[in-house]
file run-v5.txt (compact mmCIF, C-alpha atoms)
# COMPACT_ATOMS: atom_id res chain seq x y z
CA MET A 1412 61.06 239.46 153.03
CA LYS A 1413 57.31 238.94 153.09
CA GLN A 1414 55.68 238.02 156.40
CA LYS A 1415 52.16 236.91 155.61
CA ASN A 1416 49.72 237.25 158.48
CA SER A 1417 52.46 238.34 160.89
CA PHE A 1418 51.13 241.26 162.93
CA LYS A 1419 53.87 243.40 164.48
CA PHE A 1420 52.53 246.26 166.57
CA GLU A 1421 55.80 248.19 166.91
CA PHE A 1422 56.39 248.07 163.15
CA ILE A 1423 52.88 249.40 162.51
CA ALA A 1424 53.22 252.11 165.16
CA LEU A 1425 56.59 253.17 163.78
CA MET A 1426 55.33 253.36 160.18
CA ALA A 1427 52.35 255.39 161.36
CA SER A 1428 54.67 257.70 163.30
CA LEU A 1429 56.85 258.28 160.24
CA MET A 1430 53.79 259.23 158.20
CA SER A 1431 52.44 261.32 161.08
CA ILE A 1432 55.32 263.78 160.87
CA VAL A 1433 53.69 264.94 157.63
CA ALA A 1434 50.23 265.28 159.16
CA LEU A 1435 51.57 267.15 162.18
CA SER A 1436 53.52 269.56 159.98
CA ILE A 1437 50.33 270.40 158.07
CA ASP A 1438 47.50 270.24 160.60
CA ALA A 1439 49.17 271.78 163.66
CA LEU A 1440 49.81 274.91 161.62
CA LEU A 1441 46.17 275.42 160.54
CA PRO A 1442 45.07 277.57 163.54
CA ALA A 1443 48.13 279.77 163.03
CA LEU A 1444 47.56 280.62 159.35
CA PRO A 1445 45.93 284.03 160.05
CA GLU A 1446 48.78 285.02 162.43
CA ILE A 1447 51.44 283.90 159.95
CA GLY A 1448 49.66 285.82 157.18
CA ASP A 1449 49.61 288.96 159.34
CA TYR A 1450 53.26 288.55 160.32
CA LEU A 1451 54.31 288.17 156.66
CA ARG A 1452 51.94 290.97 155.50
CA VAL A 1453 49.78 288.80 153.24
CA ASN A 1454 47.01 290.94 151.74
CA ASN A 1455 44.82 288.17 150.29
CA THR A 1456 43.90 285.66 153.00
CA SER A 1457 43.33 282.99 150.32
CA ASP A 1458 47.10 283.05 149.73
CA ASN A 1459 47.53 281.47 153.17
CA GLN A 1460 46.26 278.24 151.59
CA LEU A 1461 49.63 278.00 149.81
CA LEU A 1462 51.28 277.21 153.15
CA VAL A 1463 49.21 274.00 153.12
CA THR A 1464 49.13 273.03 149.45
CA MET A 1465 52.78 273.78 148.66
CA ILE A 1466 54.05 271.26 151.19
CA PHE A 1467 52.21 268.64 149.14
CA LEU A 1468 53.97 269.84 146.00
CA GLY A 1469 57.29 269.26 147.73
CA ILE A 1470 56.17 265.81 148.83
CA GLY A 1471 55.23 264.96 145.26
CA PHE A 1472 58.55 265.93 143.71
CA GLY A 1473 60.64 264.78 146.65
CA GLN A 1474 59.43 261.22 146.65
CA LEU A 1475 60.08 260.96 142.90
CA ILE A 1476 63.78 261.42 143.74
CA LEU A 1477 64.12 259.85 147.18
CA GLY A 1478 61.90 256.82 146.53
CA PRO A 1479 63.99 255.42 143.65
CA LEU A 1480 67.20 256.16 145.58
CA SER A 1481 65.87 253.93 148.37
CA ASP A 1482 65.64 251.05 145.88
CA SER A 1483 69.41 251.40 145.40
CA PHE A 1484 70.71 252.41 148.83
CA GLY A 1485 68.08 251.01 151.20
CA ARG A 1486 65.14 252.58 152.99
CA LYS A 1487 66.82 253.74 156.22
CA PRO A 1488 69.58 256.02 154.80
CA ILE A 1489 67.04 257.87 152.66
CA VAL A 1490 64.72 258.43 155.63
CA TYR A 1491 67.69 259.98 157.48
CA LEU A 1492 68.37 262.23 154.48
CA GLY A 1493 64.73 263.29 154.31
CA ILE A 1494 64.52 264.31 157.96
CA GLY A 1495 67.74 266.30 157.51
CA ILE A 1496 66.18 268.27 154.63
CA PHE A 1497 63.06 268.80 156.75
CA ALA A 1498 65.18 270.24 159.57
CA VAL A 1499 66.90 272.75 157.27
CA ALA A 1500 63.55 273.77 155.74
CA SER A 1501 62.04 274.28 159.22
CA ILE A 1502 64.83 276.73 160.06
CA ILE A 1503 64.08 278.63 156.84
CA CYS A 1504 60.39 278.89 157.78
CA VAL A 1505 61.00 280.34 161.25
CA THR A 1506 63.71 282.82 160.22
CA THR A 1507 62.14 284.41 157.14
CA GLN A 1508 60.06 287.58 157.05
CA ARG A 1509 58.92 287.11 153.45
CA PHE A 1510 55.89 285.10 152.41
CA GLU A 1511 57.56 283.88 149.21
CA VAL A 1512 60.50 282.46 151.19
CA MET A 1513 58.06 280.81 153.62
CA VAL A 1514 56.36 279.10 150.66
CA ILE A 1515 59.78 277.86 149.44
CA GLY A 1516 60.49 276.59 152.95
CA ARG A 1517 57.21 274.70 152.99
CA ILE A 1518 58.04 273.14 149.61
CA LEU A 1519 61.42 272.04 150.99
CA GLN A 1520 59.72 270.66 154.09
CA GLY A 1521 57.59 268.58 151.76
CA VAL A 1522 60.67 267.34 149.89
CA GLY A 1523 62.18 266.15 153.16
CA LEU A 1524 58.94 264.66 154.46
CA SER A 1525 58.44 262.74 151.23
CA ALA A 1526 60.99 260.22 152.51
CA PRO A 1527 59.18 259.06 155.68
CA ARG A 1528 55.78 259.36 153.96
CA SER A 1529 56.46 257.28 150.86
CA LEU A 1530 59.09 254.94 152.32
CA ALA A 1531 56.70 253.88 155.09
CA ILE A 1532 54.52 252.48 152.28
CA SER A 1533 57.59 250.94 150.61
CA MET A 1534 58.62 249.23 153.85
CA ILE A 1535 55.11 247.84 154.28
CA ARG A 1536 55.24 246.54 150.69
CA ASP A 1537 58.68 245.03 151.38
CA THR A 1538 57.11 243.11 154.25
CA TYR A 1539 53.54 242.22 153.18
CA GLU A 1540 51.45 241.63 150.06
CA GLY A 1541 47.86 241.21 148.89
CA ASP A 1542 44.80 241.94 151.01
CA TYR A 1543 46.85 241.51 154.18
CA MET A 1544 49.07 244.35 152.99
CA ALA A 1545 45.89 246.44 152.56
CA LYS A 1546 44.94 245.50 156.13
CA ILE A 1547 48.32 246.69 157.46
CA VAL A 1548 48.15 249.91 155.41
CA SER A 1549 44.65 250.55 156.81
CA ILE A 1550 45.84 250.06 160.38
CA VAL A 1551 48.82 252.38 159.78
CA VAL A 1552 46.49 255.01 158.31
CA MET A 1553 44.14 254.58 161.28
CA PHE A 1554 46.94 255.45 163.72
CA PHE A 1555 48.07 258.19 161.35
CA ILE A 1556 44.56 259.70 161.51
CA LEU A 1557 44.96 260.26 165.25
CA VAL A 1558 47.35 263.12 164.47
CA PRO A 1559 44.78 265.33 162.67
CA VAL A 1560 42.45 264.67 165.61
CA ILE A 1561 44.81 266.38 168.07
CA ALA A 1562 47.10 268.48 165.86
CA PRO A 1563 44.95 271.63 165.45
CA SER A 1564 44.21 271.71 169.19
CA LEU A 1565 47.89 271.21 169.90
CA GLY A 1566 48.77 273.98 167.46
CA GLN A 1567 46.26 276.31 169.09
CA ILE A 1568 47.66 275.60 172.57
CA ILE A 1569 51.22 276.27 171.39
CA LEU A 1570 50.01 279.44 169.67
CA LYS A 1571 48.40 280.76 172.85
CA LEU A 1572 51.34 279.90 175.09
CA PHE A 1573 54.19 280.88 172.79
CA HIS A 1574 54.32 281.99 169.15
CA TRP A 1575 53.50 280.41 165.79
CA LYS A 1576 57.22 279.73 165.30
CA ALA A 1577 57.09 277.34 168.25
CA ILE A 1578 54.80 275.08 166.19
CA PHE A 1579 57.62 274.55 163.68
CA SER A 1580 60.02 273.81 166.55
CA PHE A 1581 57.64 271.27 168.06
CA ASN A 1582 57.15 269.53 164.70
CA LEU A 1583 60.91 269.29 164.23
CA LEU A 1584 61.41 267.88 167.73
CA PHE A 1585 58.73 265.26 167.08
CA GLY A 1586 60.43 264.30 163.82
CA ILE A 1587 63.81 263.90 165.51
CA LEU A 1588 62.34 261.70 168.27
CA VAL A 1589 60.65 259.45 165.70
CA LEU A 1590 63.92 259.29 163.75
CA ILE A 1591 65.81 258.11 166.86
CA TRP A 1592 63.18 255.41 167.44
CA PHE A 1593 63.43 254.39 163.78
CA TRP A 1594 67.23 254.25 163.95
CA LYS A 1595 67.31 252.16 167.12
CA ARG A 1596 64.45 249.70 166.49
CA GLN A 1597 63.69 249.28 162.78
CA PRO A 1598 65.81 246.89 160.70
CA GLU A 1599 66.37 247.60 157.03
CA THR A 1600 63.51 245.99 155.05
CA LEU A 1601 65.22 245.94 151.64
CA ALA A 1602 67.84 243.20 151.54
CA THR A 1603 71.02 243.99 149.64
CA LYS A 1604 70.35 241.27 147.05
CA TYR A 1605 67.07 242.95 146.06
CA ARG A 1606 68.52 246.43 145.56
CA ILE A 1607 68.58 247.96 142.10
CA PRO A 1608 72.07 249.20 141.13
CA PHE A 1609 72.16 252.98 140.91
CA SER A 1610 72.57 254.27 137.37
CA ALA A 1611 71.78 257.29 135.23
CA GLY A 1612 68.81 255.42 133.77
CA LEU A 1613 67.36 254.36 137.14
CA PHE A 1614 64.56 256.93 137.13
CA LEU A 1615 63.63 256.65 133.45
CA ASN A 1616 63.63 252.85 133.53
CA GLY A 1617 61.52 252.85 136.67
CA ILE A 1618 58.96 255.21 135.16
CA LYS A 1619 58.73 253.05 132.01
CA ALA A 1620 58.25 249.94 134.15
CA PHE A 1621 55.55 251.60 136.26
CA PHE A 1622 53.41 252.52 133.27
CA LYS A 1623 53.31 248.89 132.13
CA TYR A 1624 50.95 248.09 135.00
CA ARG A 1625 47.47 249.37 134.16
CA ASP A 1626 46.07 248.81 137.66
CA ALA A 1627 48.92 250.80 139.19
CA VAL A 1628 48.34 253.69 136.79
CA ALA A 1629 44.54 253.67 137.11
CA PHE A 1630 44.48 253.59 140.89
CA THR A 1631 47.20 256.23 141.05
CA LEU A 1632 44.93 258.52 138.99
CA ILE A 1633 42.03 257.78 141.33
CA SER A 1634 44.27 258.60 144.30
CA GLY A 1635 45.08 261.93 142.67
CA PHE A 1636 41.40 262.76 142.16
CA ILE A 1637 40.44 261.88 145.73
CA THR A 1638 43.51 263.47 147.33
CA GLY A 1639 43.07 266.66 145.32
CA SER A 1640 39.45 267.18 146.24
CA PHE A 1641 40.16 266.25 149.88
CA MET A 1642 43.10 268.66 149.92
CA VAL A 1643 40.67 271.48 149.13
CA TYR A 1644 39.09 270.80 152.50
CA LEU A 1645 42.47 270.76 154.29
CA SER A 1646 43.50 274.09 152.78
CA THR A 1647 40.15 275.84 153.30
CA ALA A 1648 38.94 274.34 156.60
CA GLN A 1649 40.28 277.27 158.60
CA GLN A 1650 38.48 279.75 156.30
CA ILE A 1651 35.23 277.79 156.33
CA PHE A 1652 34.89 277.33 160.08
CA GLN A 1653 36.58 280.52 161.30
CA GLU A 1654 35.43 283.03 158.67
CA GLN A 1655 32.24 281.66 157.10
CA TYR A 1656 30.78 280.14 160.27
CA ARG A 1657 32.56 282.34 162.86
CA LEU A 1658 33.57 279.31 164.93
CA GLY A 1659 37.23 280.09 165.47
CA GLU A 1660 37.45 278.70 169.01
CA LEU A 1661 35.65 275.50 168.01
CA PHE A 1662 37.70 274.91 164.87
CA PRO A 1663 40.15 272.38 166.41
CA TYR A 1664 37.30 270.33 167.85
CA ILE A 1665 35.31 270.30 164.61
CA PHE A 1666 38.44 269.34 162.68
CA ALA A 1667 39.13 266.55 165.18
CA SER A 1668 35.59 265.16 165.02
CA LEU A 1669 35.76 264.91 161.23
CA ALA A 1670 39.16 263.21 161.41
CA ILE A 1671 37.61 260.65 163.77
CA ALA A 1672 35.10 259.78 161.01
CA ILE A 1673 38.02 258.85 158.75
CA GLY A 1674 39.64 256.88 161.56
CA LEU A 1675 36.49 254.86 162.25
CA SER A 1676 36.04 253.86 158.62
CA THR A 1677 39.73 253.02 158.32
CA TYR A 1678 39.42 250.77 161.35
CA MET A 1679 36.35 249.10 159.81
CA ASN A 1680 38.29 248.60 156.60
CA SER A 1681 41.15 246.91 158.46
CA ARG A 1682 38.65 244.44 159.94
CA LEU A 1683 36.85 243.67 156.67
CA VAL A 1684 39.41 243.96 153.88
CA GLU A 1685 40.67 240.36 154.06
CA ARG A 1686 37.11 239.07 153.95
CA ILE A 1687 35.65 241.38 151.31
CA GLY A 1688 38.74 242.37 149.31
CA MET A 1689 40.38 245.75 148.82
CA LYS A 1690 38.98 246.35 145.33
CA ARG A 1691 35.37 245.80 146.34
CA ILE A 1692 35.69 248.06 149.39
CA ALA A 1693 37.37 250.72 147.23
CA PHE A 1694 34.42 250.56 144.83
CA TYR A 1695 31.97 251.05 147.69
CA GLY A 1696 34.03 253.97 148.99
CA ILE A 1697 34.26 255.73 145.61
CA SER A 1698 30.53 255.27 144.99
CA ALA A 1699 29.67 256.74 148.41
CA TYR A 1700 32.14 259.61 147.91
CA ALA A 1701 30.45 260.60 144.64
CA PHE A 1702 26.87 260.09 145.85
CA ILE A 1703 27.16 262.04 149.12
CA SER A 1704 28.73 265.07 147.47
CA LEU A 1705 26.20 265.05 144.61
CA LEU A 1706 23.38 264.96 147.15
CA TYR A 1707 24.80 268.05 148.89
CA VAL A 1708 25.10 269.89 145.55
CA VAL A 1709 21.46 269.09 144.67
CA LEU A 1710 20.16 270.17 148.08
CA PHE A 1711 22.21 273.37 148.43
CA TRP A 1712 22.70 274.45 144.82
CA SER A 1713 21.82 278.04 145.74
CA GLY A 1714 25.18 278.41 147.45
CA LYS A 1715 23.68 279.38 150.79
CA ASN A 1716 25.49 277.55 153.56
CA PRO A 1717 23.41 275.10 155.63
CA SER A 1718 23.53 275.03 159.41
CA ILE A 1719 26.82 273.90 160.92
CA CYS A 1720 25.23 270.63 162.08
CA VAL A 1721 24.10 269.77 158.55
CA LEU A 1722 27.52 270.65 157.13
CA ILE A 1723 29.35 268.53 159.70
CA GLY A 1724 26.96 265.65 158.98
CA PHE A 1725 27.71 265.76 155.25
CA LEU A 1726 31.45 266.13 155.79
CA ALA A 1727 31.48 263.24 158.28
CA LEU A 1728 29.77 260.96 155.74
CA GLN A 1729 32.12 262.20 153.01
CA PHE A 1730 35.18 261.49 155.10
CA PHE A 1731 33.89 258.12 156.23
CA ALA A 1732 34.01 257.22 152.52
CA VAL A 1733 37.55 258.64 152.34
CA GLY A 1734 38.61 256.27 155.10
CA LEU A 1735 37.63 253.35 152.87
CA LEU A 1736 39.85 254.68 150.09
CA PHE A 1737 43.23 255.97 151.26
CA GLY A 1738 44.73 252.65 152.35
CA ASN A 1739 43.07 250.52 149.68
CA LEU A 1740 43.95 252.74 146.72
CA ARG A 1741 47.63 252.77 147.67
CA ALA A 1742 47.62 249.03 148.33
CA ILE A 1743 45.96 248.18 145.00
CA ALA A 1744 48.39 250.41 143.10
CA MET A 1745 51.38 248.89 144.92
CA GLN A 1746 50.30 245.25 144.62
CA PRO A 1747 52.06 244.55 141.26
CA LEU A 1748 55.12 246.64 142.19
CA GLY A 1749 56.76 244.55 144.90
CA HIS A 1750 59.98 244.24 142.88
CA MET A 1751 60.28 248.04 142.68
CA ALA A 1752 58.46 249.17 145.82
CA GLY A 1753 60.54 252.32 146.36
CA MET A 1754 60.13 253.52 142.77
CA GLY A 1755 56.50 252.37 142.70
CA ALA A 1756 55.54 254.24 145.87
CA ALA A 1757 57.43 257.30 144.62
CA ILE A 1758 55.69 257.46 141.24
CA ASN A 1759 52.33 256.68 142.79
CA GLY A 1760 52.81 259.45 145.33
CA PHE A 1761 54.29 261.88 142.81
CA ILE A 1762 51.50 261.58 140.25
CA SER A 1763 48.68 261.63 142.80
CA THR A 1764 50.18 264.59 144.69
CA VAL A 1765 51.12 266.66 141.65
CA MET A 1766 47.59 266.12 140.35
CA ALA A 1767 46.15 267.08 143.74
CA VAL A 1768 47.96 270.41 144.25
CA PRO A 1769 46.54 272.30 141.22
CA ILE A 1770 43.11 270.80 141.92
CA ALA A 1771 43.24 272.10 145.50
CA ASN A 1772 44.64 275.51 144.55
CA TYR A 1773 42.08 276.09 141.80
CA ILE A 1774 38.97 274.98 143.68
CA GLY A 1775 40.18 276.55 146.91
CA ASN A 1776 40.12 280.00 145.29
CA PHE A 1777 36.32 279.72 144.97
CA VAL A 1778 35.72 278.78 148.63
CA LYS A 1779 35.22 282.32 149.89
CA THR A 1780 31.62 282.83 151.04
CA SER A 1781 30.12 279.39 150.42
CA VAL A 1782 31.01 275.73 150.97
CA LEU A 1783 29.33 274.75 147.67
CA PRO A 1784 32.59 274.87 145.60
CA LEU A 1785 34.11 272.33 148.01
CA PHE A 1786 31.30 269.85 147.36
CA LEU A 1787 31.32 270.56 143.63
CA GLY A 1788 34.95 269.47 143.69
CA PHE A 1789 34.08 266.35 145.66
CA SER A 1790 31.35 265.56 143.13
CA LEU A 1791 33.41 266.11 139.99
CA PHE A 1792 36.38 264.05 141.12
CA GLY A 1793 34.24 261.42 142.79
CA VAL A 1794 32.46 260.80 139.48
CA LEU A 1795 35.77 260.82 137.55
CA SER A 1796 37.20 258.29 140.01
CA LEU A 1797 34.17 256.05 139.56
CA VAL A 1798 34.51 256.22 135.76
CA VAL A 1799 38.20 255.23 135.90
CA PHE A 1800 37.43 252.41 138.36
CA LEU A 1801 34.67 250.96 136.16
CA TYR A 1802 36.85 251.25 133.06
CA ILE A 1803 39.85 249.45 134.55
CA ASN A 1804 37.59 246.81 136.08
CA ALA A 1805 35.93 246.15 132.70
CA TYR A 1806 39.34 246.05 130.99
CA SER A 1807 40.69 243.55 133.51
CA LYS A 1808 37.70 241.26 132.90
CA ARG A 1809 38.23 241.43 129.11
CA VAL A 1810 41.91 240.48 129.25
CA THR A 1811 41.29 237.62 131.68
call {"tool": "encode", "arguments": {"input": "run-v5.txt", "output": "structure tokens"}}
result
Amino acid sequence: MKQKNSFKFEFIALMASLMSIVALSIDALLPALPEIGDYLRVNNTSDNQLLVTMIFLGIGFGQLILGPLSDSFGRKPIVYLGIGIFAVASIICVTTQRFEVMVIGRILQGVGLSAPRSLAISMIRDTYEGDYMAKIVSIVVMFFILVPVIAPSLGQIILKLFHWKAIFSFNLLFGILVLIWFWKRQPETLATKYRIPFSAGLFLNGIKAFFKYRDAVAFTLISGFITGSFMVYLSTAQQIFQEQYRLGELFPYIFASLAIAIGLSTYMNSRLVERIGMKRIAFYGISAYAFISLLYVVLFWSGKNPSICVLIGFLALQFFAVGLLFGNLRAIAMQPLGHMAGMGAAINGFISTVMAVPIANYIGNFVKTSVLPLFLGFSLFGVLSLVVFLYINAYSKRVT
């Protein structure tokens, strides 16, 4: 049931909290990556990046299964199932002594977390549409961004007081508390009459239907490009600030300050999107994303790292552009998919995430002694995103 221009704070806070379980499970662990690598006898420190990127792989594949199931059985039961899988995977992560098993546990965590992550978007789409939906998504993302601001510091505090395993325990406890809140306070958003009967052809039919919508496909590809290049930063941030710049103690604060840049632009987007429109703001964001990274590449082509202040300045501008994109790209892709919001959010998330993981893993291997590969990735995928945007925009004008 759509509720145009009906602002519900608890609904927004709850959707943000569901999505935040994912962010907490990734970002709180960042300060502990070296300790986990030592504990599991990892020889190549770059392999620690897998503990970040592989959870995204699980999210990608998980939502392709759990999203469509929510179209048949409702959103709430599938969220319960997802948190259950996350709990089992967390136990695997804290009991293993093998790196390969830890990676499998992180993939399974991603599978479980795909439910709250993608179904939060589905529930927003069940409830809102158009530019107002983009406004709500932006506000949810803004609250969601608060987690990366505090998560690394929280992880570092837990690490100093206890052990890296306690970070997994804390994440699980947070997930259970959010689940109880969700169970007690959130009504089912998908009415029984709108559910798609479960059948063997549910997934295949949904995929065929998704690819009929050019805007959904185009903006899903753009999401993959942006998410992939941004994921390089997430997986290499600890290496960059702790190893290249020797700022281990300051890492949580630097990470938080850059997350604030995303939060500020997301807030600005929520205030302007109804007036300007989500497509126009997305165009501005993509253009800025490409331009800022290209400027860095031109200025520091030698590969020598600039001062930390210059780097933080460029990253802050880069991430301010990201804040104009995350909510709008998902909202534009979901706009024509209201009749299949669970499947639509699942395919959108699956394609963008499965694209992002190899991008992050490949580029991340080059981020060893210089930040330049990070910005080369930003540049390449920023330009590709701009090309896809201009193409789909020109196509839409021709057919109308």
call {"tool": "closest_atom_pairs", "arguments": {"input": "run-v5.txt", "of": "range 1751-1805 of chain A", "to": "range 1480-1499 of chain A", "cutoff": "9 Å", "atoms": "all atoms listed in the file", "output": "tab-separated table"}}
result
residue	atom	partner	partner_atom	distance
A:Met1751	CA	A:Asp1482	CA	6.9
A:Ala1752	CA	A:Asp1482	CA	7.4
A:Gly1753	CA	A:Asp1482	CA	5.3
A:Met1754	CA	A:Asp1482	CA	6.8
call {"tool": "closest_residue", "arguments": {"input": "run-v5.txt", "among": "A:Lys1808, A:Arg1536, A:Arg1509, A:Arg1686", "to": "Thr1600 in chain A", "atoms": "all atoms listed in the file"}}
result
A:Arg1536
call {"tool": "closest_residue", "arguments": {"input": "run-v5.txt", "among": "A:Trp1712, A:Arg1528, A:Leu1475, A:Val1552", "to": "Leu1615 in chain A", "atoms": "all atoms listed in the file"}}
result
A:Leu1475
call {"tool": "residues_near_point", "arguments": {"input": "run-v5.txt", "point": "(54.7, 257.2, 155.0)", "cutoff": "10 Å", "atoms": "only C-alpha atoms", "output": "PyMOL selection string"}}
result
chain A and resi 1425-1433+1524-1535+1548+1551-1552+1555+1756
call {"tool": "closest_residue", "arguments": {"input": "run-v5.txt", "among": "A:Pro1563, A:Gly1469, A:Gly1674, A:Gly1586", "to": "Ala1648 in chain A", "atoms": "all atoms listed in the file"}}
result
A:Pro1563
call {"tool": "residues_around", "arguments": {"input": "run-v5.txt", "residues": "Asn1582 in chain A", "least_positions_apart": "3", "cutoff": "8 Å", "atoms": "only C-alpha atoms", "output": "MDAnalysis selection string"}}
result
chainID A and resid 1432 1435:1436 1578:1579 1585:1586
call {"tool": "write_last_selection", "arguments": {"input": "run-v5.txt", "atoms": "C-alpha atoms", "output": "PDB file, in the coordinates of the input"}}
result
ATOM      1  CA  ILE A1432      55.320 263.780 160.870  1.00  0.00           C
ATOM      2  CA  LEU A1435      51.570 267.150 162.180  1.00  0.00           C
ATOM      3  CA  SER A1436      53.520 269.560 159.980  1.00  0.00           C
ATOM      4  CA  ILE A1578      54.800 275.080 166.190  1.00  0.00           C
ATOM      5  CA  PHE A1579      57.620 274.550 163.680  1.00  0.00           C
ATOM      6  CA  PHE A1585      58.730 265.260 167.080  1.00  0.00           C
ATOM      7  CA  GLY A1586      60.430 264.300 163.820  1.00  0.00           C
TER       8      GLY A1586
END
call {"tool": "closest_atom_pairs", "arguments": {"input": "run-v5.txt", "of": "range 1435-1522 of chain A", "to": "range 1626-1644 of chain A", "cutoff": "12 Å", "atoms": "all atoms listed in the file", "output": "JSON lines"}}
result
{"residue": "A:Ile1437", "atom": "CA", "partner": "A:Met1642", "partner_atom": "CA", "distance": 11.0}
{"residue": "A:Asp1438", "atom": "CA", "partner": "A:Met1642", "partner_atom": "CA", "distance": 11.7}
{"residue": "A:Leu1441", "atom": "CA", "partner": "A:Tyr1644", "partner_atom": "CA", "distance": 11.7}
{"residue": "A:Ser1457", "atom": "CA", "partner": "A:Val1643", "partner_atom": "CA", "distance": 11.9}
{"residue": "A:Gln1460", "atom": "CA", "partner": "A:Val1643", "partner_atom": "CA", "distance": 9.1}
{"residue": "A:Leu1461", "atom": "CA", "partner": "A:Val1643", "partner_atom": "CA", "distance": 11.1}
{"residue": "A:Val1463", "atom": "CA", "partner": "A:Met1642", "partner_atom": "CA", "distance": 8.7}
{"residue": "A:Thr1464", "atom": "CA", "partner": "A:Met1642", "partner_atom": "CA", "distance": 7.5}
{"residue": "A:Met1465", "atom": "CA", "partner": "A:Met1642", "partner_atom": "CA", "distance": 11.0}
{"residue": "A:Ile1466", "atom": "CA", "partner": "A:Met1642", "partner_atom": "CA", "distance": 11.3}
{"residue": "A:Phe1467", "atom": "CA", "partner": "A:Met1642", "partner_atom": "CA", "distance": 9.1}
{"residue": "A:Leu1468", "atom": "CA", "partner": "A:Gly1639", "partner_atom": "CA", "distance": 11.4}
{"residue": "A:Gly1471", "atom": "CA", "partner": "A:Gly1635", "partner_atom": "CA", "distance": 10.9}
call {"tool": "closest_residue", "arguments": {"input": "run-v5.txt", "among": "A:Leu1683, A:Ala1727, A:Val1798, A:Val1782", "to": "Lys1715 in chain A", "atoms": "only C-alpha atoms"}}
result
A:Val1782
call {"tool": "residues_around", "arguments": {"input": "run-v5.txt", "residues": "Tyr1543 in chain A", "least_positions_apart": "6", "cutoff": "12 Å", "atoms": "only C-alpha atoms", "output": "list in words"}}
result
Lys1413, Gln1414, Lys1415, Asn1416, Ser1417, Phe1418, Ile1535, Arg1536, Ser1549, Ile1550, Asn1680, Ser1681, Arg1682, Leu1683, Val1684, Glu1685, Arg1686, Ile1687, Gly1688, Met1689, Gly1738, Asn1739, Ala1742, Ile1743 and Gln1746 of chain A
call {"tool": "atom_distance", "arguments": {"input": "run-v5.txt", "atom1": "CA of Thr1677 in chain A", "atom2": "CA of Asn1759 in chain A"}}
result
20.3 Å
call {"tool": "closest_residue", "arguments": {"input": "run-v5.txt", "among": "A:Lys1690, A:Leu1658, A:Gln1597, A:Pro1784", "to": "Ile1803 in chain A", "atoms": "all atoms listed in the file"}}
result
A:Lys1690
call {"tool": "closest_residue", "arguments": {"input": "run-v5.txt", "among": "A:Thr1506, A:Ser1713, A:Ser1668, A:Ser1698", "to": "Ser1564 in chain A", "atoms": "only C-alpha atoms"}}
result
A:Ser1668
call {"tool": "residues_near_point", "arguments": {"input": "run-v5.txt", "point": "(23.2, 278.3, 154.4)", "cutoff": "12 Å", "atoms": "only C-alpha atoms", "output": "list in words"}}
result
Gln1655, Tyr1656, Tyr1707, Leu1710, Phe1711, Trp1712, Ser1713, Gly1714, Lys1715, Asn1716, Pro1717, Ser1718, Ile1719, Cys1720, Val1721, Leu1722, Thr1780, Ser1781, Val1782 and Leu1783 of chain A
call {"tool": "atom_distance", "arguments": {"input": "run-v5.txt", "atom1": "CA of Val1768 in chain A", "atom2": "CA of Arg1517 in chain A"}}
result
13.4 Å
call {"tool": "atom_distance", "arguments": {"input": "run-v5.txt", "atom1": "CA of Leu1735 in chain A", "atom2": "CA of Leu1557 in chain A"}}
result
16.0 Å
call {"tool": "residues_around", "arguments": {"input": "run-v5.txt", "residues": "Ile1697 in chain A", "least_positions_apart": "6", "cutoff": "9 Å", "atoms": "all atoms listed in the file", "output": "MDAnalysis selection string"}}
result
chainID A and resid 1637 1732:1733 1735:1736 1793:1794 1796:1797 1800
call {"tool": "residues_around", "arguments": {"input": "run-v5.txt", "residues": "Gln1729 in chain A", "least_positions_apart": "5", "cutoff": "9 Å", "atoms": "all atoms listed in the file", "output": "PyMOL selection string"}}
result
chain A and resi 1672-1673+1699-1701+1703-1704+1724+1789
